[in-house]
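Engineer: You'll find query.cif just under this line, and it carries mmCIF, C-alpha atoms.
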data_input
#
loop_
_atom_site.label_atom_id
_atom_site.label_comp_id
_atom_site.auth_asym_id
_atom_site.auth_seq_id
_atom_site.Cartn_x
_atom_site.Cartn_y
_atom_site.Cartn_z
CA MET H 1 0.00 0.00 0.00
CA LYS H 2 2.84 2.39 0.86
CA LYS H 3 4.47 1.69 -2.51
CA ILE H 4 1.24 2.51 -4.33
CA ILE H 5 0.89 5.78 -2.40
CA CYS H 6 4.50 6.71 -3.25
CA VAL H 7 3.98 5.97 -6.94
CA LEU H 8 0.77 8.02 -7.03
CA THR H 9 2.51 10.90 -5.25
CA VAL H 10 5.33 10.91 -7.83
CA LEU H 11 2.83 10.81 -10.71
CA VAL H 12 0.84 13.70 -9.29
CA PHE H 13 4.08 15.69 -8.80
CA PHE H 14 5.17 15.27 -12.41
CA GLU H 15 1.67 15.96 -13.70
CA ASN H 16 1.54 19.24 -11.77
CA THR H 17 5.06 20.15 -12.92
CA LEU H 18 4.13 19.66 -16.57
CA ALA H 19 0.86 21.51 -16.12
CA GLN H 20 2.67 24.49 -14.59
CA GLU H 21 5.28 24.67 -17.35
CA THR H 22 5.44 28.21 -18.65
CA GLU H 23 4.33 28.54 -22.25
CA VAL H 24 7.03 30.16 -24.34
CA ASP H 25 5.71 33.06 -26.41
CA ALA H 26 8.83 34.30 -28.19
CA SER H 27 6.83 36.65 -30.40
CA ARG H 28 7.02 39.19 -27.55
CA PRO H 29 10.64 40.37 -27.01
CA THR H 30 9.75 41.56 -23.50
CA ASN H 31 8.96 37.95 -22.52
CA LEU H 32 12.23 36.70 -21.03
CA TYR H 33 13.38 33.07 -21.15
CA THR H 34 16.59 31.15 -20.48
CA GLN H 35 17.78 29.97 -23.89
CA ILE H 36 20.69 29.16 -26.16
CA ASN H 37 20.69 30.47 -29.75
CA THR H 38 23.01 29.11 -32.42
CA VAL H 39 23.01 30.57 -35.94
CA LEU H 40 24.97 30.27 -39.15
CA GLU H 41 25.82 33.65 -40.65
CA TYR H 42 26.84 35.07 -44.02
CA GLN H 43 27.79 38.73 -44.48
CA ASN H 44 28.03 40.19 -47.97
CA HIS H 45 30.12 43.39 -48.02
CA GLU H 46 29.65 45.20 -51.32
CA PHE H 47 32.90 47.15 -50.89
CA GLY H 48 34.90 44.69 -48.78
CA ASP H 49 35.53 41.11 -47.77
CA ASN H 50 32.72 38.65 -47.16
CA ILE H 51 32.39 37.03 -43.74
CA TYR H 52 31.05 33.60 -42.75
CA GLY H 53 30.62 31.93 -39.40
CA THR H 54 28.43 31.16 -36.44
CA ARG H 55 27.10 33.05 -33.45
CA ILE H 56 26.43 31.44 -30.09
CA ASN H 57 24.06 33.48 -27.97
CA VAL H 58 23.34 32.48 -24.37
CA GLN H 59 20.53 34.17 -22.43
CA TYR H 60 19.96 33.54 -18.73
CA THR H 61 16.94 34.76 -16.76
CA PHE H 62 17.50 35.39 -13.06
CA ASP H 63 13.72 35.73 -12.78
CA PRO H 64 10.91 36.56 -15.26
CA ASP H 65 11.96 40.24 -15.33
CA ASN H 66 15.77 40.14 -15.53
CA LEU H 67 17.90 38.69 -18.32
CA LEU H 68 21.62 38.59 -19.09
CA LEU H 69 22.78 37.90 -22.66
CA VAL H 70 26.29 37.00 -23.82
CA GLU H 71 27.07 36.48 -27.52
CA PHE H 72 30.23 34.91 -28.97
CA PRO H 73 30.67 35.24 -32.78
CA LEU H 74 33.13 32.85 -34.45
CA LEU H 75 33.75 34.20 -37.95
CA TYR H 76 35.90 33.70 -41.05
CA ASN H 77 37.01 36.62 -43.22
CA SER H 78 37.39 35.59 -46.88
CA GLY H 79 39.76 38.48 -47.62
CA THR H 80 42.27 37.95 -44.83
CA GLU H 81 41.57 34.18 -44.74
CA GLU H 82 41.47 34.37 -40.96
CA PHE H 83 39.08 32.61 -38.55
CA GLY H 84 38.48 33.45 -34.93
CA LEU H 85 36.48 35.20 -32.24
CA SER H 86 34.86 38.45 -33.31
CA ASP H 87 33.60 41.18 -30.97
CA THR H 88 31.68 39.88 -27.95
CA ARG H 89 28.35 41.33 -26.91
CA VAL H 90 26.93 41.57 -23.37
CA ARG H 91 23.39 42.82 -22.73
CA TYR H 92 21.29 43.24 -19.58
CA PHE H 93 17.52 43.58 -19.95
CA HIS H 94 15.07 44.44 -17.15
CA ALA H 95 11.29 44.46 -17.44
CA ALA H 96 10.63 47.22 -14.91
CA LYS H 97 6.87 47.50 -15.41
CA ARG H 98 4.37 45.04 -16.87
CA ASN H 99 0.72 45.26 -17.95
CA LEU H 100 0.25 48.95 -17.35
CA SER H 101 -2.84 48.84 -19.55
CA LYS H 102 -4.47 46.66 -22.21
CA THR H 103 -2.13 48.26 -24.77
CA ILE H 104 1.14 48.76 -22.89
CA ILE H 105 2.40 45.37 -21.72
CA ALA H 106 5.94 46.29 -20.64
CA ILE H 107 8.48 49.04 -20.06
CA ALA H 108 12.00 47.67 -20.13
CA PRO H 109 15.33 49.50 -19.76
CA TYR H 110 18.49 47.85 -21.06
CA ALA H 111 22.27 48.17 -21.13
CA ASP H 112 24.30 46.85 -24.08
CA ILE H 113 28.09 46.52 -24.43
CA THR H 114 30.15 45.31 -27.39
CA VAL H 115 33.67 44.29 -26.34
CA PRO H 116 36.46 44.48 -29.00
CA THR H 117 37.64 40.89 -28.57
CA GLY H 118 38.04 40.36 -32.33
CA LYS H 119 41.38 40.98 -34.04
CA PHE H 120 41.04 44.11 -36.19
CA ASP H 121 44.16 43.27 -38.23
CA LYS H 122 42.55 39.96 -39.21
CA GLY H 123 39.29 41.60 -40.25
CA LEU H 124 37.40 40.10 -37.31
CA GLY H 125 36.87 43.09 -35.01
CA SER H 126 36.17 46.80 -34.80
CA SER H 127 38.86 47.73 -32.20
CA SER H 128 36.25 49.92 -30.46
CA TRP H 129 33.99 49.51 -27.46
CA THR H 130 30.30 50.23 -28.04
CA LEU H 131 28.29 51.23 -24.97
CA SER H 132 24.56 51.86 -25.11
CA GLY H 133 21.59 52.11 -22.81
CA GLY H 134 17.96 52.83 -23.40
CA LEU H 135 14.33 51.86 -23.05
CA VAL H 136 11.93 49.53 -24.88
CA VAL H 137 8.14 49.78 -24.63
CA GLY H 138 5.89 46.81 -25.45
CA MET H 139 2.58 47.75 -27.09
CA VAL H 140 -0.11 45.30 -28.20
CA LEU H 141 -2.22 46.60 -31.10
CA THR H 142 -4.19 43.42 -31.88
CA LYS H 143 -3.94 39.74 -30.97
CA GLN H 144 -1.62 39.31 -33.96
CA ILE H 145 0.35 42.57 -34.03
CA ALA H 146 2.54 44.18 -31.38
CA LEU H 147 5.10 46.98 -31.42
CA PHE H 148 8.29 47.23 -29.36
CA PRO H 149 9.71 50.71 -30.08
CA GLY H 150 12.99 51.56 -28.41
CA ILE H 151 15.37 54.47 -28.06
CA GLY H 152 18.88 54.43 -26.66
CA TYR H 153 22.06 56.46 -26.19
CA VAL H 154 25.13 55.10 -28.00
CA HIS H 155 28.82 55.77 -27.28
CA ILE H 156 31.59 54.32 -29.48
CA THR H 157 35.11 54.68 -28.08
CA GLU H 158 38.09 55.96 -30.04
CA PRO H 159 39.34 53.16 -32.34
CA SER H 160 42.60 51.69 -31.05
CA LYS H 161 43.92 50.40 -34.41
CA PHE H 162 43.58 53.44 -36.67
CA ASP H 163 43.09 57.20 -36.53
CA GLY H 164 39.63 58.16 -35.41
CA GLU H 165 37.56 59.79 -32.69
CA SER H 166 34.94 58.56 -30.28
CA GLN H 167 31.32 59.04 -31.28
CA ASN H 168 28.07 59.68 -29.40
CA GLY H 169 24.58 59.38 -30.73
CA VAL H 170 21.11 57.89 -30.59
CA ASN H 171 19.67 54.58 -31.74
CA ILE H 172 15.96 54.37 -32.63
CA GLN H 173 14.04 51.24 -33.59
CA THR H 174 10.40 50.28 -34.16
CA ASN H 175 10.21 46.53 -33.84
CA MET H 176 6.91 45.10 -35.09
CA SER H 177 5.89 41.53 -34.25
CA VAL H 178 3.31 39.82 -36.46
CA LYS H 179 1.96 36.56 -35.05
CA PHE H 180 0.18 34.24 -37.49
CA ASN H 181 -0.49 31.48 -34.94
CA LYS H 182 1.12 29.95 -31.85
CA ARG H 183 4.02 28.60 -33.89
CA ILE H 184 4.72 31.14 -36.64
CA PHE H 185 5.63 34.82 -36.27
CA VAL H 186 7.86 37.43 -37.88
CA PHE H 187 9.75 40.53 -36.73
CA VAL H 188 10.07 43.62 -38.92
CA ASN H 189 12.41 46.18 -37.37
CA PRO H 190 13.62 49.35 -39.13
CA ILE H 191 16.57 50.90 -37.25
CA VAL H 192 18.23 54.31 -37.50
CA THR H 193 21.45 55.13 -35.65
CA ILE H 194 22.42 58.81 -35.56
CA LEU H 195 26.16 59.30 -34.95
CA ASP H 196 28.55 61.46 -36.98
CA ASP H 197 26.68 59.95 -39.91
CA THR H 198 23.14 58.59 -39.98
CA LEU H 199 23.07 54.81 -40.42
CA TRP H 200 19.96 53.05 -41.75
CA SER H 201 19.56 49.33 -41.11
CA GLY H 202 16.89 46.75 -40.36
CA GLU H 203 15.92 43.27 -39.23
CA PHE H 204 13.48 40.91 -40.96
CA ASN H 205 13.15 37.66 -39.06
CA PHE H 206 10.89 34.63 -39.69
CA ASN H 207 10.38 32.26 -36.75
CA TYR H 208 8.81 28.81 -36.41
CA MET H 209 8.29 27.11 -33.05
CA ALA H 210 9.15 23.56 -34.12
CA LYS H 211 8.62 22.10 -30.65
CA PRO H 212 6.47 24.22 -28.30
CA ASN H 213 8.36 25.52 -25.26
CA LYS H 214 11.56 23.76 -26.37
CA LEU H 215 12.81 24.52 -29.90
CA LYS H 216 12.44 27.45 -32.33
CA LEU H 217 13.83 27.65 -35.87
CA ASN H 218 14.45 30.96 -37.62
CA ILE H 219 15.88 32.66 -40.67
CA GLY H 220 16.58 36.38 -40.89
CA TYR H 221 17.82 39.13 -43.18
CA TYR H 222 19.77 41.98 -41.55
CA PRO H 223 20.66 44.72 -44.05
CA SER H 224 22.80 47.78 -43.37
CA PHE H 225 21.53 50.03 -46.14
CA THR H 226 23.99 52.84 -45.47
CA GLN H 227 27.09 50.62 -45.43
CA ASN H 228 25.86 48.22 -48.15
CA ILE H 229 26.30 45.17 -45.90
CA HIS H 230 23.74 42.38 -46.22
CA THR H 231 23.62 39.64 -43.58
CA ILE H 232 21.67 36.38 -43.57
CA ARG H 233 21.37 34.25 -40.44
CA THR H 234 19.63 30.92 -39.91
CA GLY H 235 19.61 28.77 -36.83
CA ALA H 236 17.83 27.37 -33.80
CA THR H 237 16.89 28.43 -30.28
CA PHE H 238 16.73 25.95 -27.40
CA TYR H 239 14.62 26.92 -24.35
CA PHE H 240 15.32 25.67 -20.81
#
What's the C-alpha cells form of this structure?

Structural biologist:
Amino acid sequence: MKKIICVLTVLVFFENTLAQETEVDASRPTNLYTQINTVLEYQNHEFGDNIYGTRINVQYTFDPDNLLLVEFPLLYNSGTEEFGLSDTRVRYFHAAKRNLSKTIIAIAPYADITVPTGKFDKGLGSSSWTLSGGLVVGMVLTKQIALFPGIGYVHITEPSKFDGESQNGVNIQTNMSVKFNKRIFVFVNPIVTILDDTLWSGEFNFNYMAKPNKLKLNIGYYPSFTQNIHTIRTGATFYF
C-alpha cells in the first residue's frame, strides 16, 4: 500500500510540474526566457571582404523580469583568410513594469556593451567599445500585431587600431511583431542610428516554433543600407 501511495505521489508531482510549465511566447521580445541560440551567418560586403561563421548566444533569466545575454561570434574573413572570435556582446535587460494597460504590456530599460575581442588586423573586429543604454516599450495593437519601439544612447570609443575619434549618438528602432499562430511569427524592425553619420539598417526575421516551449527555428535578413552590408542568419533556439 505504501508503494502505491509513493507511486501516485510521484505521478501527481510530475503531472503538476508539466501543467505548470510556462508557455514560451517568443513573439514578444519583453517575454524573457533562459535559452541558447546558435546561428549560421553570411555577411556580404559590397565594398569589402565577405564574412562567414556562427554566433552562439546564451541568455539567462535570473527571474521573469531580468535577463543577461552573452554572444560569442566565431567568424571567417574571406579576404584575410582568418578565422576566430569576433567582438563579444553583453546585454542586460530588465522588465521594470508590466501590464500597465491593455495596450502597454511592458516598459524595459536595457544596457548593451560590445567588447572588441576580435582581431582588427585579421578583419574580425572593430577595435572599439560600443556602450549603449535605453528603453523599450511593449505595445499590443491586436492579438496578432505588437510593437516594441525603443530608443537608446550610443557611445563608441576611439578606435585603437587606426586614426579616429569617439562618437556619441542615438539609436531608434520600431520593432513590429506579427503573429500568425502559436508557432509562426515574424519581426520587422527598421533601425536608425544617428552618430557622426546617420546609419539606416533593419531586421526581418521569420520564426517557427518547431517544438512548443523547447525549440524554435528561424531565418533572418539583416541589411545595413547605409554601409551596403547584407547579412543572412539561420539557426535554432533551445529553451530551458

Engineer: For the provided coordinates, the residues matched by the PyMOL selection byres ((chain H and resi 148) around 10) should be stated as an MDAnalysis selection string.

Structural biologist: chainID H and resid 28:30 104:108 135:140 146:147 149:150 173:177 189

Engineer: What residues come out when you apply the PyMOL selection byres ((chain H and resi 115) around 7) to this file, written as a list in words?

Structural biologist: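 What the PyMOL selection byres ((chain H and resi 115) around 7) grabs from the file is Asp87, Thr88, Arg89, Ile113, Thr114, Pro116, Thr117 and Trp129 of chain H.
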
Engineer: To test your reading of the syntax: which residues would the PyMOL selection byres ((chain H and resi 123) around 12) return for the file shown? Reply as number ranges by chain.

Structural biologist: H: 48-52, 75-87, 116-122, 124-127, 161

Engineer: What separation in Å, quoted to one decimal, exists between atom CA of Thr54 of chain H and atom CA of Leu69 of chain H?

Structural biologist: 16.3 Å

Engineer: For atom CA of Gln59 of chain H and atom CA of Thr34 of chain H, determine how far apart the two atoms are, in Å to one decimal place.

Structural biologist: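 Separation between atom CA of Gln59 of chain H and atom CA of Thr34 of chain H: 5.3 Å.
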
Engineer: Kindly indicate which residue among H:Met209, H:Leu67, H:Ile151, H:Ile232 lies nearest to Asn44 of chain H, using all atoms listed in the file for the distances.

Structural biologist: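 Using all atoms listed in the file, the shortest distance to Asn44 of chain H belongs to H:Ile232.
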
Engineer: Just give me the gap between atom CA of Leu131 of chain H and atom CA of Leu74 of chain H in Å, one decimal is fine.

Structural biologist: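 Distance reported for this atom pair: 21.2 Å.
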
Engineer: Show which residues sit within 9 Å of Thr231 of chain H, as a list in words. Count only C-alpha atoms, and ignore same-chain residues fewer than 2 positions away.

Structural biologist: Glu41, Tyr42, Gln43, Asn44, His45, Gly220, Tyr221, Tyr222, Pro223, Ser224, Ile229 and Arg233 of chain H

Engineer: List the neighbours of Gln35 of chain H out to 12 Å using all atoms listed in the file; skip same-chain residues closer than 3 positions along the sequence, and give me the result as a list of chain:residue names.

Structural biologist: H:Val24, H:Ala26, H:Asn31, H:Leu32, H:Thr38, H:Ile56, H:Asn57, H:Val58, H:Gln59, H:Tyr60, H:Thr61, H:Leu67, H:Leu68, H:Leu69, H:Val70, H:Glu71, H:Asn213, H:Lys214, H:Leu215, H:Lys216, H:Ala236, H:Thr237, H:Phe238, H:Tyr239, H:Phe240

Engineer: Looking at all atoms listed in the file, which of H:Pro109, H:Gly152, H:Gly133, H:Gly164 is the one that sits closest to Asp65 of chain H?

Structural biologist: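 Checking each candidate against Asp65 of chain H, we get H:Pro109 as the closest.
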
Engineer: Taking all atoms listed in the file into account, name the residue in H:Ile36, H:Glu165, H:Pro212, H:Ala95 that is nearest to Phe62 of chain H.

Structural biologist: H:Ala95

Engineer: Could you pull the residues within 10 Å of Asp197 of chain H, counting all atoms listed in the file, minus those fewer than 6 positions along the same chain, as a VMD selection string?

Structural biologist: chain H and resid 167 169 226

Engineer: Put segment 11-147 of chain H into a file with C-alpha atoms, as a compact mmCIF listing (two decimals), in the first residue's frame.

Structural biologist:
# COMPACT_ATOMS: atom_id res chain seq x y z
CA LEU H 11 2.83 10.81 -10.71
CA VAL H 12 0.84 13.70 -9.29
CA PHE H 13 4.08 15.69 -8.80
CA PHE H 14 5.17 15.27 -12.41
CA GLU H 15 1.67 15.96 -13.70
CA ASN H 16 1.54 19.24 -11.77
CA THR H 17 5.06 20.15 -12.92
CA LEU H 18 4.13 19.66 -16.57
CA ALA H 19 0.86 21.51 -16.12
CA GLN H 20 2.67 24.49 -14.59
CA GLU H 21 5.28 24.67 -17.35
CA THR H 22 5.44 28.21 -18.65
CA GLU H 23 4.33 28.54 -22.25
CA VAL H 24 7.03 30.16 -24.34
CA ASP H 25 5.71 33.06 -26.41
CA ALA H 26 8.83 34.30 -28.19
CA SER H 27 6.83 36.65 -30.40
CA ARG H 28 7.02 39.19 -27.55
CA PRO H 29 10.64 40.37 -27.01
CA THR H 30 9.75 41.56 -23.50
CA ASN H 31 8.96 37.95 -22.52
CA LEU H 32 12.23 36.70 -21.03
CA TYR H 33 13.38 33.07 -21.15
CA THR H 34 16.59 31.15 -20.48
CA GLN H 35 17.78 29.97 -23.89
CA ILE H 36 20.69 29.16 -26.16
CA ASN H 37 20.69 30.47 -29.75
CA THR H 38 23.01 29.11 -32.42
CA VAL H 39 23.01 30.57 -35.94
CA LEU H 40 24.97 30.27 -39.15
CA GLU H 41 25.82 33.65 -40.65
CA TYR H 42 26.84 35.07 -44.02
CA GLN H 43 27.79 38.73 -44.48
CA ASN H 44 28.03 40.19 -47.97
CA HIS H 45 30.12 43.39 -48.02
CA GLU H 46 29.65 45.20 -51.32
CA PHE H 47 32.90 47.15 -50.89
CA GLY H 48 34.90 44.69 -48.78
CA ASP H 49 35.53 41.11 -47.77
CA ASN H 50 32.72 38.65 -47.16
CA ILE H 51 32.39 37.03 -43.74
CA TYR H 52 31.05 33.60 -42.75
CA GLY H 53 30.62 31.93 -39.40
CA THR H 54 28.43 31.16 -36.44
CA ARG H 55 27.10 33.05 -33.45
CA ILE H 56 26.43 31.44 -30.09
CA ASN H 57 24.06 33.48 -27.97
CA VAL H 58 23.34 32.48 -24.37
CA GLN H 59 20.53 34.17 -22.43
CA TYR H 60 19.96 33.54 -18.73
CA THR H 61 16.94 34.76 -16.76
CA PHE H 62 17.50 35.39 -13.06
CA ASP H 63 13.72 35.73 -12.78
CA PRO H 64 10.91 36.56 -15.26
CA ASP H 65 11.96 40.24 -15.33
CA ASN H 66 15.77 40.14 -15.53
CA LEU H 67 17.90 38.69 -18.32
CA LEU H 68 21.62 38.59 -19.09
CA LEU H 69 22.78 37.90 -22.66
CA VAL H 70 26.29 37.00 -23.82
CA GLU H 71 27.07 36.48 -27.52
CA PHE H 72 30.23 34.91 -28.97
CA PRO H 73 30.67 35.24 -32.78
CA LEU H 74 33.13 32.85 -34.45
CA LEU H 75 33.75 34.20 -37.95
CA TYR H 76 35.90 33.70 -41.05
CA ASN H 77 37.01 36.62 -43.22
CA SER H 78 37.39 35.59 -46.88
CA GLY H 79 39.76 38.48 -47.62
CA THR H 80 42.27 37.95 -44.83
CA GLU H 81 41.57 34.18 -44.74
CA GLU H 82 41.47 34.37 -40.96
CA PHE H 83 39.08 32.61 -38.55
CA GLY H 84 38.48 33.45 -34.93
CA LEU H 85 36.48 35.20 -32.24
CA SER H 86 34.86 38.45 -33.31
CA ASP H 87 33.60 41.18 -30.97
CA THR H 88 31.68 39.88 -27.95
CA ARG H 89 28.35 41.33 -26.91
CA VAL H 90 26.93 41.57 -23.37
CA ARG H 91 23.39 42.82 -22.73
CA TYR H 92 21.29 43.24 -19.58
CA PHE H 93 17.52 43.58 -19.95
CA HIS H 94 15.07 44.44 -17.15
CA ALA H 95 11.29 44.46 -17.44
CA ALA H 96 10.63 47.22 -14.91
CA LYS H 97 6.87 47.50 -15.41
CA ARG H 98 4.37 45.04 -16.87
CA ASN H 99 0.72 45.26 -17.95
CA LEU H 100 0.25 48.95 -17.35
CA SER H 101 -2.84 48.84 -19.55
CA LYS H 102 -4.47 46.66 -22.21
CA THR H 103 -2.13 48.26 -24.77
CA ILE H 104 1.14 48.76 -22.89
CA ILE H 105 2.40 45.37 -21.72
CA ALA H 106 5.94 46.29 -20.64
CA ILE H 107 8.48 49.04 -20.06
CA ALA H 108 12.00 47.67 -20.13
CA PRO H 109 15.33 49.50 -19.76
CA TYR H 110 18.49 47.85 -21.06
CA ALA H 111 22.27 48.17 -21.13
CA ASP H 112 24.30 46.85 -24.08
CA ILE H 113 28.09 46.52 -24.43
CA THR H 114 30.15 45.31 -27.39
CA VAL H 115 33.67 44.29 -26.34
CA PRO H 116 36.46 44.48 -29.00
CA THR H 117 37.64 40.89 -28.57
CA GLY H 118 38.04 40.36 -32.33
CA LYS H 119 41.38 40.98 -34.04
CA PHE H 120 41.04 44.11 -36.19
CA ASP H 121 44.16 43.27 -38.23
CA LYS H 122 42.55 39.96 -39.21
CA GLY H 123 39.29 41.60 -40.25
CA LEU H 124 37.40 40.10 -37.31
CA GLY H 125 36.87 43.09 -35.01
CA SER H 126 36.17 46.80 -34.80
CA SER H 127 38.86 47.73 -32.20
CA SER H 128 36.25 49.92 -30.46
CA TRP H 129 33.99 49.51 -27.46
CA THR H 130 30.30 50.23 -28.04
CA LEU H 131 28.29 51.23 -24.97
CA SER H 132 24.56 51.86 -25.11
CA GLY H 133 21.59 52.11 -22.81
CA GLY H 134 17.96 52.83 -23.40
CA LEU H 135 14.33 51.86 -23.05
CA VAL H 136 11.93 49.53 -24.88
CA VAL H 137 8.14 49.78 -24.63
CA GLY H 138 5.89 46.81 -25.45
CA MET H 139 2.58 47.75 -27.09
CA VAL H 140 -0.11 45.30 -28.20
CA LEU H 141 -2.22 46.60 -31.10
CA THR H 142 -4.19 43.42 -31.88
CA LYS H 143 -3.94 39.74 -30.97
CA GLN H 144 -1.62 39.31 -33.96
CA ILE H 145 0.35 42.57 -34.03
CA ALA H 146 2.54 44.18 -31.38
CA LEU H 147 5.10 46.98 -31.42
